[in-house]
file target-v4.cif (mmCIF, C-alpha atoms and all ligand atoms)
data_model
loop_
_atom_site.label_atom_id
_atom_site.label_comp_id
_atom_site.auth_asym_id
_atom_site.auth_seq_id
_atom_site.Cartn_x
_atom_site.Cartn_y
_atom_site.Cartn_z
CA PHE A 1 19.53 7.03 -10.83
CA LYS A 2 18.63 9.03 -13.93
CA ALA A 3 15.21 10.59 -14.33
CA PRO A 4 13.36 9.38 -17.44
CA LEU A 5 13.56 11.78 -20.36
CA GLY A 6 11.06 14.62 -20.08
CA ALA A 7 10.42 14.17 -16.37
CA PRO A 8 8.80 17.44 -15.35
CA PHE A 9 10.41 17.76 -11.96
CA TYR A 10 13.09 16.38 -9.73
CA PHE A 11 11.77 13.54 -7.65
CA GLU A 12 12.84 11.18 -4.99
CA GLU A 13 13.25 7.75 -6.53
CA GLU A 14 11.77 5.88 -3.62
CA GLN A 15 8.78 8.10 -3.28
CA MET A 16 8.06 8.00 -7.00
CA TYR A 17 7.88 4.20 -7.18
CA ILE A 18 5.88 3.98 -3.97
CA ARG A 19 3.45 6.47 -5.49
CA GLN A 20 3.19 4.36 -8.64
CA ALA A 21 2.53 1.31 -6.53
CA PHE A 22 -0.08 3.34 -4.65
CA ASP A 23 -1.79 4.21 -7.95
CA LEU A 24 -2.34 0.47 -8.39
CA VAL A 25 -3.84 0.37 -4.92
CA LYS A 26 -6.25 3.19 -5.72
CA MET A 27 -7.39 1.29 -8.80
CA THR A 28 -7.95 -2.01 -7.01
CA ALA A 29 -9.37 -0.69 -3.73
CA GLY A 30 -12.75 -2.27 -3.12
CA GLN A 31 -12.12 -5.53 -4.91
CA THR A 32 -9.90 -7.39 -2.45
CA GLY A 33 -12.52 -8.27 0.19
CA ARG A 34 -11.03 -8.68 3.66
CA ASN A 35 -7.51 -8.43 2.24
CA PRO A 36 -5.85 -5.08 1.66
CA ALA A 37 -5.25 -3.70 -1.82
CA VAL A 38 -1.48 -3.75 -2.37
CA GLY A 39 0.66 -2.45 -5.22
CA CYS A 40 4.20 -3.42 -6.16
CA ILE A 41 6.81 -2.24 -8.69
CA ILE A 42 10.14 -3.98 -9.36
CA VAL A 43 12.97 -1.89 -10.77
CA LYS A 44 16.27 -3.11 -12.16
CA ASN A 45 18.95 -0.74 -13.48
CA GLY A 46 16.44 2.12 -13.56
CA VAL A 47 13.92 0.16 -15.62
CA ILE A 48 10.60 -1.17 -14.39
CA ILE A 49 10.61 -4.93 -14.98
CA GLY A 50 7.60 -5.97 -12.96
CA ILE A 51 4.30 -4.51 -11.84
CA GLY A 52 1.83 -6.29 -9.61
CA ALA A 53 -1.32 -5.72 -7.65
CA HIS A 54 -3.24 -7.93 -5.29
CA LEU A 55 -6.51 -8.40 -7.17
CA GLN A 56 -8.74 -10.62 -5.06
CA GLU A 57 -8.90 -12.21 -1.65
CA GLY A 58 -7.31 -15.64 -2.04
CA SER A 59 -5.25 -14.83 -5.14
CA ALA A 60 -1.53 -14.07 -5.46
CA HIS A 61 -0.09 -11.15 -3.54
CA ALA A 62 1.16 -8.04 -5.33
CA GLU A 63 4.82 -8.97 -4.84
CA VAL A 64 4.29 -12.43 -6.32
CA GLN A 65 2.48 -11.00 -9.35
CA ALA A 66 5.27 -8.50 -9.95
CA ILE A 67 7.98 -11.16 -9.55
CA ARG A 68 6.21 -13.38 -12.09
CA MET A 69 6.17 -10.54 -14.61
CA ALA A 70 9.77 -9.58 -13.96
CA GLY A 71 11.41 -12.81 -15.08
CA ASP A 72 15.02 -12.33 -13.96
CA ALA A 73 14.82 -10.06 -10.94
CA THR A 74 18.29 -10.78 -9.60
CA GLY A 75 19.73 -7.67 -7.99
CA ALA A 76 16.50 -5.67 -8.45
CA THR A 77 14.71 -3.40 -5.99
CA LEU A 78 11.12 -4.12 -5.06
CA TYR A 79 8.82 -1.26 -4.02
CA CYS A 80 5.54 -2.03 -2.34
CA THR A 81 2.87 -0.14 -0.47
CA LEU A 82 2.63 -2.67 2.36
CA GLU A 83 5.33 -4.63 4.16
CA PRO A 84 5.69 -8.04 2.48
CA CYS A 85 4.06 -10.81 4.45
CA ASN A 86 6.06 -13.57 6.11
CA HIS A 87 3.18 -15.91 6.73
CA THR A 88 1.25 -18.63 5.02
CA GLY A 89 -2.39 -17.69 4.72
CA LYS A 90 -4.34 -18.58 1.62
CA THR A 91 -1.10 -17.97 -0.25
CA PRO A 92 2.58 -18.63 0.59
CA PRO A 93 4.83 -15.95 2.15
CA CYS A 94 6.03 -13.11 -0.07
CA THR A 95 9.34 -12.93 1.81
CA GLU A 96 10.22 -16.38 0.49
CA ALA A 97 9.36 -15.41 -3.10
CA ILE A 98 11.46 -12.24 -2.79
CA ILE A 99 14.49 -14.18 -1.55
CA GLN A 100 14.07 -16.87 -4.22
CA ALA A 101 13.93 -14.21 -6.93
CA GLY A 102 17.29 -12.76 -5.84
CA ILE A 103 15.86 -9.29 -5.13
CA LYS A 104 18.45 -7.27 -3.25
CA LYS A 105 16.42 -4.42 -1.79
CA VAL A 106 12.85 -3.96 -0.58
CA VAL A 107 11.27 -0.52 -0.02
CA PHE A 108 7.85 -0.44 1.58
CA ALA A 109 5.57 2.36 2.83
CA VAL A 110 3.48 0.85 5.64
CA ARG A 111 4.21 -1.79 8.29
CA ASP A 112 1.67 -4.62 8.30
CA THR A 113 0.90 -4.59 12.01
CA SER A 114 -1.81 -7.20 11.53
CA LEU A 115 0.88 -9.87 11.06
CA ASP A 116 3.82 -10.84 13.24
CA ASP A 117 6.92 -8.68 12.86
CA THR A 118 9.31 -11.35 11.62
CA GLY A 119 9.29 -10.39 7.92
CA ILE A 120 11.91 -7.67 7.91
CA ARG A 121 14.37 -9.67 10.00
CA TYR A 122 13.83 -12.72 7.81
CA LEU A 123 14.58 -10.74 4.65
CA GLU A 124 17.62 -9.10 6.24
CA ALA A 125 18.92 -12.45 7.46
CA HIS A 126 18.88 -13.53 3.82
CA GLY A 127 20.89 -10.51 2.70
CA VAL A 128 18.02 -8.33 1.47
CA GLU A 129 18.27 -4.65 2.39
CA VAL A 130 14.94 -3.42 3.73
CA VAL A 131 13.93 0.25 3.80
CA HIS A 132 10.81 1.66 5.42
CA ALA A 133 9.76 4.74 3.41
CA PRO A 134 6.71 6.14 5.25
CA ASP A 135 4.09 7.97 3.23
CA ALA A 136 1.17 9.75 4.89
CA ALA A 137 -1.33 9.14 2.07
CA VAL A 138 -0.55 5.43 1.83
CA SER A 139 -0.70 5.13 5.58
CA ALA A 140 -4.13 6.84 5.74
CA PHE A 141 -5.38 4.41 3.10
CA TYR A 142 -4.51 1.35 5.20
CA ASP A 143 -6.26 2.65 8.35
CA ALA A 144 -9.48 1.04 7.17
CA PHE A 145 -7.80 -2.35 6.67
CA PHE A 146 -6.17 -2.35 10.11
CA ILE A 147 -9.32 -1.21 11.92
CA SER A 148 -11.39 -3.84 10.18
CA LYS A 149 -8.89 -6.60 10.82
CA GLU A 150 -8.23 -5.71 14.46
CA GLU A 151 -11.86 -5.18 15.41
CA LYS A 152 -13.26 -7.93 13.17
CA ARG A 153 -15.87 -5.65 11.70
CA PRO A 154 -16.26 -3.62 8.52
CA TYR A 155 -14.75 -0.13 8.41
CA VAL A 156 -17.80 2.12 8.37
CA THR A 157 -18.30 5.21 6.24
CA LEU A 158 -21.46 7.20 6.84
CA LYS A 159 -22.44 9.01 3.67
CA LEU A 160 -24.84 11.92 3.83
CA ALA A 161 -26.11 14.35 1.23
CA ALA A 162 -27.69 17.32 2.97
CA THR A 163 -28.95 20.85 2.52
CA LEU A 164 -27.23 23.63 4.46
CA ASP A 165 -29.99 23.37 7.06
CA GLY A 166 -29.27 19.69 7.58
CA LYS A 167 -32.16 18.13 5.72
CA LEU A 168 -31.47 14.78 4.05
CA ALA A 169 -34.83 14.88 2.28
CA ASP A 170 -37.79 17.23 2.12
CA ASP A 171 -40.90 16.66 4.22
CA PHE A 172 -42.32 14.37 1.55
CA GLY A 173 -39.20 12.23 1.68
CA ASN A 174 -37.81 13.37 -1.68
CA SER A 175 -34.04 13.32 -1.66
CA LYS A 176 -33.08 12.57 -5.22
CA TRP A 177 -32.06 16.02 -6.42
CA LEU A 178 -30.39 17.69 -3.49
CA THR A 179 -26.81 17.48 -4.65
CA ASN A 180 -25.61 18.08 -8.19
CA GLU A 181 -24.55 15.62 -10.84
CA ALA A 182 -20.82 15.97 -10.09
CA SER A 183 -21.43 15.07 -6.45
CA ARG A 184 -23.57 12.11 -7.39
CA GLN A 185 -20.85 10.88 -9.70
CA ASP A 186 -18.39 11.21 -6.86
CA VAL A 187 -20.64 9.05 -4.69
CA HIS A 188 -20.22 6.37 -7.32
CA ARG A 189 -16.47 6.64 -6.94
CA LEU A 190 -16.91 6.06 -3.22
CA ARG A 191 -19.24 3.12 -3.78
CA HIS A 192 -16.75 1.55 -6.13
CA GLN A 193 -14.39 1.25 -3.15
CA GLN A 194 -16.89 -0.43 -0.84
CA ASP A 195 -17.72 -4.08 -0.34
CA ALA A 196 -21.27 -3.22 0.61
CA VAL A 197 -23.73 -0.36 0.86
CA LEU A 198 -26.40 -0.38 3.56
CA VAL A 199 -29.83 1.25 3.70
CA GLY A 200 -32.91 0.94 5.88
CA ARG A 201 -36.03 -0.88 4.75
CA LYS A 202 -37.92 2.36 4.18
CA THR A 203 -35.29 3.93 1.93
CA TYR A 204 -35.12 0.66 0.02
CA ALA A 205 -38.89 0.52 -0.45
CA VAL A 206 -39.44 4.21 -1.27
CA ASP A 207 -36.34 5.24 -3.24
CA GLU A 208 -35.67 1.91 -4.96
CA PRO A 209 -32.00 2.88 -4.85
CA LYS A 210 -29.66 1.17 -7.32
CA LEU A 211 -26.71 1.73 -4.97
CA ASP A 212 -24.29 0.90 -7.77
CA ALA A 213 -21.32 2.78 -9.21
CA ARG A 214 -22.58 2.98 -12.80
CA HIS A 215 -21.15 6.46 -13.50
CA VAL A 216 -17.64 5.17 -12.91
CA SER A 217 -17.61 1.38 -13.19
CA GLU A 218 -19.68 -1.74 -13.51
CA LYS A 219 -18.91 -2.82 -10.01
CA VAL A 220 -21.99 -3.34 -7.88
CA PRO A 221 -21.30 -3.41 -4.15
CA ILE A 222 -23.38 -5.84 -2.10
CA LYS A 223 -26.69 -4.25 -1.15
CA VAL A 224 -27.55 -4.59 2.52
CA ILE A 225 -31.06 -3.83 3.76
CA ILE A 226 -32.02 -3.73 7.42
CA SER A 227 -35.52 -4.79 8.30
CA ARG A 228 -36.44 -5.12 11.96
CA THR A 229 -39.75 -6.75 11.09
CA GLY A 230 -38.72 -8.96 8.21
CA ASP A 231 -41.32 -7.15 6.18
CA VAL A 232 -39.39 -6.40 3.01
CA THR A 233 -40.12 -7.29 -0.57
CA LEU A 234 -37.23 -7.25 -2.97
CA HIS A 235 -37.64 -5.19 -6.12
CA GLU A 236 -37.89 -7.25 -9.29
CA ALA A 237 -34.68 -5.72 -10.65
CA ASP A 238 -32.78 -6.91 -7.59
CA ILE A 239 -34.12 -10.44 -7.87
CA THR A 240 -33.16 -10.79 -11.53
CA SER A 241 -29.85 -8.92 -11.47
CA GLY A 242 -27.90 -11.81 -9.97
CA GLN A 243 -26.06 -9.32 -7.72
CA ARG A 244 -25.54 -10.23 -4.10
CA ILE A 245 -28.13 -8.74 -1.80
CA ILE A 246 -28.26 -9.26 1.96
CA VAL A 247 -31.24 -8.59 4.21
CA ILE A 248 -30.73 -8.43 7.95
CA SER A 249 -33.97 -9.48 9.51
CA PRO A 250 -35.50 -11.58 12.30
CA THR A 251 -36.91 -14.06 9.76
CA ALA A 252 -35.85 -15.36 6.36
CA VAL A 253 -36.73 -13.13 3.41
CA ARG A 254 -37.60 -14.60 0.02
CA HIS A 255 -35.02 -14.25 -2.77
CA ALA A 256 -32.42 -12.78 -0.44
CA GLU A 257 -29.48 -14.02 1.54
CA THR A 258 -30.82 -13.31 5.03
CA LEU A 259 -28.68 -12.74 8.09
CA ILE A 260 -31.04 -13.61 10.88
CA THR A 261 -30.87 -11.71 14.16
CA GLN A 262 -33.14 -10.34 16.86
CA ASP A 263 -30.50 -7.81 17.88
CA PHE A 264 -30.39 -4.76 15.61
CA ARG A 265 -27.79 -2.69 17.36
CA PRO A 266 -25.29 -1.46 14.75
CA ALA A 267 -22.40 -3.22 16.53
CA ARG A 268 -24.19 -6.58 16.13
CA LEU A 269 -24.95 -5.87 12.47
CA LEU A 270 -21.27 -5.17 11.90
CA GLU A 271 -20.34 -8.52 13.41
CA LEU A 272 -22.73 -10.31 11.08
CA LEU A 273 -21.54 -8.40 8.04
CA TYR A 274 -17.89 -9.14 8.79
CA GLN A 275 -18.72 -12.83 8.99
CA ALA A 276 -20.36 -12.44 5.59
CA GLY A 277 -17.00 -11.26 4.21
CA ILE A 278 -17.55 -7.50 4.24
CA SER A 279 -14.71 -5.28 5.38
CA ARG A 280 -15.76 -1.89 3.99
CA LEU A 281 -19.31 -0.74 4.48
CA MET A 282 -20.98 2.51 3.50
CA VAL A 283 -24.16 3.44 5.31
CA GLU A 284 -26.29 5.54 3.01
CA GLY A 285 -29.49 6.20 4.87
CA GLY A 286 -32.17 7.24 5.38
CA SER A 287 -32.17 9.70 8.18
CA SER A 288 -33.21 7.32 10.97
CA VAL A 289 -30.53 4.77 10.09
CA ILE A 290 -27.87 7.49 9.79
CA SER A 291 -28.95 9.09 13.07
CA GLU A 292 -28.94 5.79 14.89
CA TRP A 293 -25.43 4.93 13.73
CA ILE A 294 -24.29 8.41 14.76
CA ASN A 295 -25.93 8.02 18.17
CA GLN A 296 -24.44 4.58 18.72
CA ASP A 297 -21.05 5.97 17.72
CA CYS A 298 -20.80 3.24 15.12
CA PHE A 299 -18.69 4.70 12.33
CA ASP A 300 -15.11 5.50 11.40
CA GLU A 301 -15.63 8.13 8.76
CA VAL A 302 -18.32 10.60 7.73
CA VAL A 303 -18.53 11.87 4.17
CA ILE A 304 -21.02 14.68 3.86
CA TYR A 305 -22.04 16.43 0.66
CA TYR A 306 -23.60 19.83 1.24
CA ALA A 307 -25.89 21.23 -1.45
CA PRO A 308 -26.30 25.04 -1.54
CA LYS A 309 -29.95 24.84 -0.59
CA LEU A 310 -32.15 25.66 2.36
CA LEU A 311 -35.17 23.45 2.58
CA GLY A 312 -36.85 24.47 5.80
CA GLY A 313 -39.90 22.48 6.75
CA THR A 314 -40.22 20.29 9.81
CA LEU A 315 -37.51 18.66 11.86
CA ASN A 316 -38.11 15.40 10.00
CA ASN A 317 -35.55 13.89 7.65
CA ARG A 318 -32.58 15.49 9.32
CA PHE A 319 -29.60 13.81 10.81
CA TYR A 320 -29.10 14.42 14.46
CA HIS A 321 -27.24 13.41 17.56
CA THR A 322 -29.49 13.17 20.57
CA GLU A 323 -26.85 12.98 23.28
CA GLU A 324 -25.15 16.31 23.65
CA SER A 325 -22.77 15.04 26.32
CA ARG A 326 -21.49 12.25 24.07
CA MET A 327 -20.68 14.58 21.21
CA THR A 328 -18.17 12.79 19.04
CA HIS A 329 -15.08 14.72 18.12
CA LEU A 330 -14.21 14.44 14.45
CA ARG A 331 -11.13 15.36 12.46
CA LEU A 332 -11.59 17.09 9.12
CA VAL A 333 -9.37 15.15 6.72
CA ASP A 334 -10.47 16.44 3.34
CA ILE A 335 -12.48 19.18 1.59
CA GLN A 336 -13.54 18.92 -2.05
CA GLN A 337 -15.68 21.19 -4.14
CA PHE A 338 -18.03 19.96 -6.87
CA GLU A 339 -19.29 23.17 -8.48
CA ASP A 340 -21.56 24.66 -5.78
CA ASP A 341 -21.58 21.52 -3.64
CA VAL A 342 -18.89 20.70 -1.10
CA ARG A 343 -17.78 17.36 0.22
CA LEU A 344 -16.36 17.21 3.73
CA THR A 345 -14.65 14.07 5.01
CA TYR A 346 -14.21 13.54 8.72
CA ARG A 347 -12.61 10.74 10.64
CA LYS A 348 -12.86 9.75 14.24
CA GLY A 349 -9.95 9.72 16.62
CA GLN A 350 -6.51 11.36 16.63
C1 LIG A 401 1.40 -8.88 1.06
N1 LIG A 401 1.06 -8.61 -0.22
O1 LIG A 401 -0.43 -8.23 -1.80
C2 LIG A 401 -1.22 -8.58 0.37
C3 LIG A 401 -0.84 -8.82 1.72
O2 LIG A 401 -4.46 -15.24 3.04
P1 LIG A 401 -3.35 -14.55 2.32
O3 LIG A 401 -2.18 -15.43 2.06
O4 LIG A 401 -3.82 -13.85 1.06
O5 LIG A 401 -2.77 -13.41 3.30
C4 LIG A 401 -3.59 -12.31 3.65
C5 LIG A 401 -2.84 -11.36 4.54
O6 LIG A 401 -1.64 -10.91 3.91
C6 LIG A 401 -3.65 -10.09 4.81
O7 LIG A 401 -4.42 -10.18 5.96
C7 LIG A 401 -2.57 -9.03 4.95
O8 LIG A 401 -2.03 -9.01 6.26
C8 LIG A 401 -1.51 -9.50 3.99
N2 LIG A 401 -1.78 -8.93 2.66
N3 LIG A 401 0.46 -8.95 2.01
O9 LIG A 401 2.57 -9.11 1.35
C9 LIG A 401 -0.19 -8.46 -0.61
N4 LIG A 401 -2.52 -8.48 -0.01
ZN ZN A 402 2.31 -11.51 0.85
#

call {"tool": "encode", "arguments": {"input": "target-v4.cif", "output": "structure tokens"}}
result
Amino acid sequence: FKAPLGAPFYFEEEQMYIRQAFDLVKMTAGQTGRNPAVGCIIVKNGVIIGIGAHLQEGSAHAEVQAIRMAGDATGATLYCTLEPCNHTGKTPPCTEAIIQAGIKKVVFAVRDTSLDDTGIRYLEAHGVEVVHAPDAAVSAFYDAFFISKEEKRPYVTLKLAATLDGKLADDFGNSKWLTNEASRQDVHRLRHQQDAVLVGRKTYAVDEPKLDARHVSEKVPIKVIISRTGDVTLHEADITSGQRIIVISPTAVRHAETLITQDFRPARLLELLYQAGISRLMVEGGSSVISEWINQDCFDEVVIYYAPKLLGGTLNNRFYHTEESRMTHLRLVDIQQFEDDVRLTYRKGQ
């Protein structure tokens, strides 16, 4: 293998193509519904002949897209972020397409443990060499997909923007200008990767949040509003926008798709939202919703933006955990700085 002219550093061939495939995943994350985002690159004689990404639940898989682009892929190597499927779901098996195309080697980063484990053997039985090239970043990305699929619920990110003294809003409920513009733009990047964003009835009524990703894309995640009383009036802009909006409520709400329930425990809400096709959910507030989900231990990830401010005031509008003995242990997985703000990302578990 020869590095392309002007390559700035020596690289491992396998890792480079997996990383390119992963770039496709980063770009399509948030648009594939209950399916995972997958990227694929096909290389023949050192030249990329096919690139593919899974774009939408129900449409062709990444491998199939790349094979279509490649034309004659005989003898080529296929790199993909996820192990090719060997099952017929909404689309036919990728293993079959790979064999038909005459591809001689498959390199993948992450095993698809949500499917049976026959794929690799099937490919090998048809003379395809299969290499597992693990990659920590790619693997961390698919955690959300596996959790959602195994537990039949959305993967939950709690998003908080707080002052250093833990206030999510001042005593009048104002929360708009705690964090800086760069942080707010970053929130849009996060939203772009979600299927849905959830807020409580009060936040919806008071803040009139757009909950979109307008600083980075035109994608609008589904808005989810919880109303224990059914007493919620949609804002005019939400009625006319044509964007999907879900209210979870004990009675039907005008102009909204209502998921009716009497049980408002977060675990029940997650069940309903999964049935509605949502596999990535971001809970954005306000403080009582956030605190409840923390107390019920109903999250996978916490993303917290700290603004360099001390607000003081009462104990209202903070996030809190009421049960000291149940203190959840979190793992710090990422730190980012946005000027004077910091973003900390924690995950649950090992
Ligand atoms: C792949 N390549 O690009 C994706 C895969 O209903 P289907 O046919 O779309 O199959 C969905 C399942 O296939 C999904 O749950 C996941 O296990 C796998 N996704 N597999 O080989 C892809 N998106
Ligand atoms: Zn497939």

call {"tool": "closest_atom_pairs", "arguments": {"input": "target-v4.cif", "of": "chain A", "to": "ligand ZN 402 (chain A)", "cutoff": "8 Å", "atoms": "all atoms listed in the file", "output": "tab-separated table"}}
result
residue	atom	partner	partner_atom	distance
A:Ala60	CA	A:ZN402	ZN	7.8
A:His61	CA	A:ZN402	ZN	5.0
A:Ala62	CA	A:ZN402	ZN	7.2
A:Glu63	CA	A:ZN402	ZN	6.7
A:Val64	CA	A:ZN402	ZN	7.5
A:Pro84	CA	A:ZN402	ZN	5.1
A:Cys85	CA	A:ZN402	ZN	4.1
A:Asn86	CA	A:ZN402	ZN	6.8
A:His87	CA	A:ZN402	ZN	7.4
A:Thr91	CA	A:ZN402	ZN	7.4
A:Pro92	CA	A:ZN402	ZN	7.1
A:Pro93	CA	A:ZN402	ZN	5.3
A:Cys94	CA	A:ZN402	ZN	4.2
A:Thr95	CA	A:ZN402	ZN	7.2

call {"tool": "residues_around", "arguments": {"input": "target-v4.cif", "residues": "Lys44 in chain A", "least_positions_apart": "6", "cutoff": "8 Å", "atoms": "only C-alpha atoms", "output": "short mmCIF file (atom, residue, chain, number, x, y, z; two decimals) with C-alpha atoms, in the frame of the given file"}}
result
data_model
loop_
_atom_site.label_atom_id
_atom_site.label_comp_id
_atom_site.auth_asym_id
_atom_site.auth_seq_id
_atom_site.Cartn_x
_atom_site.Cartn_y
_atom_site.Cartn_z
CA ALA A 73 14.82 -10.06 -10.94
CA GLY A 75 19.73 -7.67 -7.99
CA ALA A 76 16.50 -5.67 -8.45
CA THR A 77 14.71 -3.40 -5.99
#

call {"tool": "residues_around", "arguments": {"input": "target-v4.cif", "residues": "range 236-245 of chain A", "least_positions_apart": "4", "cutoff": "7 Å", "atoms": "only C-alpha atoms", "output": "ChimeraX atom specification"}}
result
/A:222-224,255-257

call {"tool": "write_last_selection", "arguments": {"input": "target-v4.cif", "atoms": "C-alpha atoms", "output": "JSON list (two decimals), in the coordinates of the input"}}
result
[["chain", "number", "residue", "atom", "x", "y", "z"],
["A", 222, "ILE", "CA", -23.38, -5.84, -2.10],
["A", 223, "LYS", "CA", -26.69, -4.25, -1.15],
["A", 224, "VAL", "CA", -27.55, -4.59, 2.52],
["A", 255, "HIS", "CA", -35.02, -14.25, -2.77],
["A", 256, "ALA", "CA", -32.42, -12.78, -0.44],
["A", 257, "GLU", "CA", -29.48, -14.02, 1.54]]

call {"tool": "residues_around", "arguments": {"input": "target-v4.cif", "residues": "Ser139 in chain A", "least_positions_apart": "6", "cutoff": "10 Å", "atoms": "only C-alpha atoms", "output": "mmCIF file with C-alpha atoms, keeping the file's coordinate frame"}}
result
data_model
loop_
_atom_site.group_PDB
_atom_site.id
_atom_site.type_symbol
_atom_site.label_atom_id
_atom_site.label_comp_id
_atom_site.auth_asym_id
_atom_site.auth_seq_id
_atom_site.Cartn_x
_atom_site.Cartn_y
_atom_site.Cartn_z
ATOM 1 C CA THR A 81 2.870 -0.140 -0.470
ATOM 2 C CA LEU A 82 2.630 -2.670 2.360
ATOM 3 C CA ALA A 109 5.570 2.360 2.830
ATOM 4 C CA VAL A 110 3.480 0.850 5.640
ATOM 5 C CA ARG A 111 4.210 -1.790 8.290
#

call {"tool": "atom_distance", "arguments": {"input": "target-v4.cif", "atom1": "CA of Met282 in chain A", "atom2": "CA of Leu310 in chain A"}}
result
25.7 Å

call {"tool": "residues_around", "arguments": {"input": "target-v4.cif", "residues": "Ile290 in chain A", "least_positions_apart": "4", "cutoff": "9 Å", "atoms": "only C-alpha atoms", "output": "VMD selection string"}}
result
chain A and resid 158 to 160 199 283 to 286 294 to 295 319 to 320

call {"tool": "residues_around", "arguments": {"input": "target-v4.cif", "residues": "Ile48 in chain A", "least_positions_apart": "5", "cutoff": "10 Å", "atoms": "all atoms listed in the file", "output": "ChimeraX atom specification"}}
result
/A:17,41-43,70,76-78

call {"tool": "axis_aligned_box", "arguments": {"input": "target-v4.cif", "around": "ligand LIG 401 (chain A)", "padding_each_side": "5 Å", "output": "lines of an AutoDock Vina configuration file"}}
result
center_x = -0.9
center_y = -11.8
center_z = 2.2
size_x = 17.0
size_y = 17.2
size_z = 18.1

call {"tool": "closest_residue", "arguments": {"input": "target-v4.cif", "among": "A:Glu83, A:Tyr305, A:Gly230, A:Thr113", "to": "Phe146 in chain A", "atoms": "all atoms listed in the file"}}
result
A:Thr113

call {"tool": "closest_residue", "arguments": {"input": "target-v4.cif", "among": "A:Ala196, A:Ala21, A:Ile304, A:Leu123", "to": "Ser279 in chain A", "atoms": "all atoms listed in the file"}}
result
A:Ala196

call {"tool": "closest_residue", "arguments": {"input": "target-v4.cif", "among": "A:Ala29, A:Ala182, A:Cys40, A:Ala213", "to": "ligand LIG 401 (chain A)", "atoms": "all atoms listed in the file"}}
result
A:Cys40

call {"tool": "atom_distance", "arguments": {"input": "target-v4.cif", "atom1": "CA of Phe264 in chain A", "atom2": "CA of Tyr204 in chain A"}}
result
17.2 Å

call {"tool": "atom_distance", "arguments": {"input": "target-v4.cif", "atom1": "CA of His126 in chain A", "atom2": "CA of Phe108 in chain A"}}
result
17.3 Å

call {"tool": "closest_residue", "arguments": {"input": "target-v4.cif", "among": "A:Ala66, A:Ala97, A:Ala162, A:Leu198", "to": "Arg318 in chain A", "atoms": "all atoms listed in the file"}}
result
A:Ala162

call {"tool": "closest_residue", "arguments": {"input": "target-v4.cif", "among": "A:Asp135, A:Glu151, A:Asp117, A:Asp165", "to": "Asp300 in chain A", "atoms": "only C-alpha atoms"}}
result
A:Glu151

call {"tool": "residues_near_point", "arguments": {"input": "target-v4.cif", "point": "(-4.4, -1.5, -7.9)", "cutoff": "8 Å", "atoms": "only C-alpha atoms", "output": "JSON, numbers by chain"}}
result
{"A": [21, 22, 23, 24, 25, 26, 27, 28, 29, 37, 38, 39, 53, 54, 55]}

call {"tool": "closest_residue", "arguments": {"input": "target-v4.cif", "among": "A:Gly119, A:Gly58, A:Gly50, A:Gly33", "to": "ligand LIG 401 (chain A)", "atoms": "all atoms listed in the file"}}
result
A:Gly58
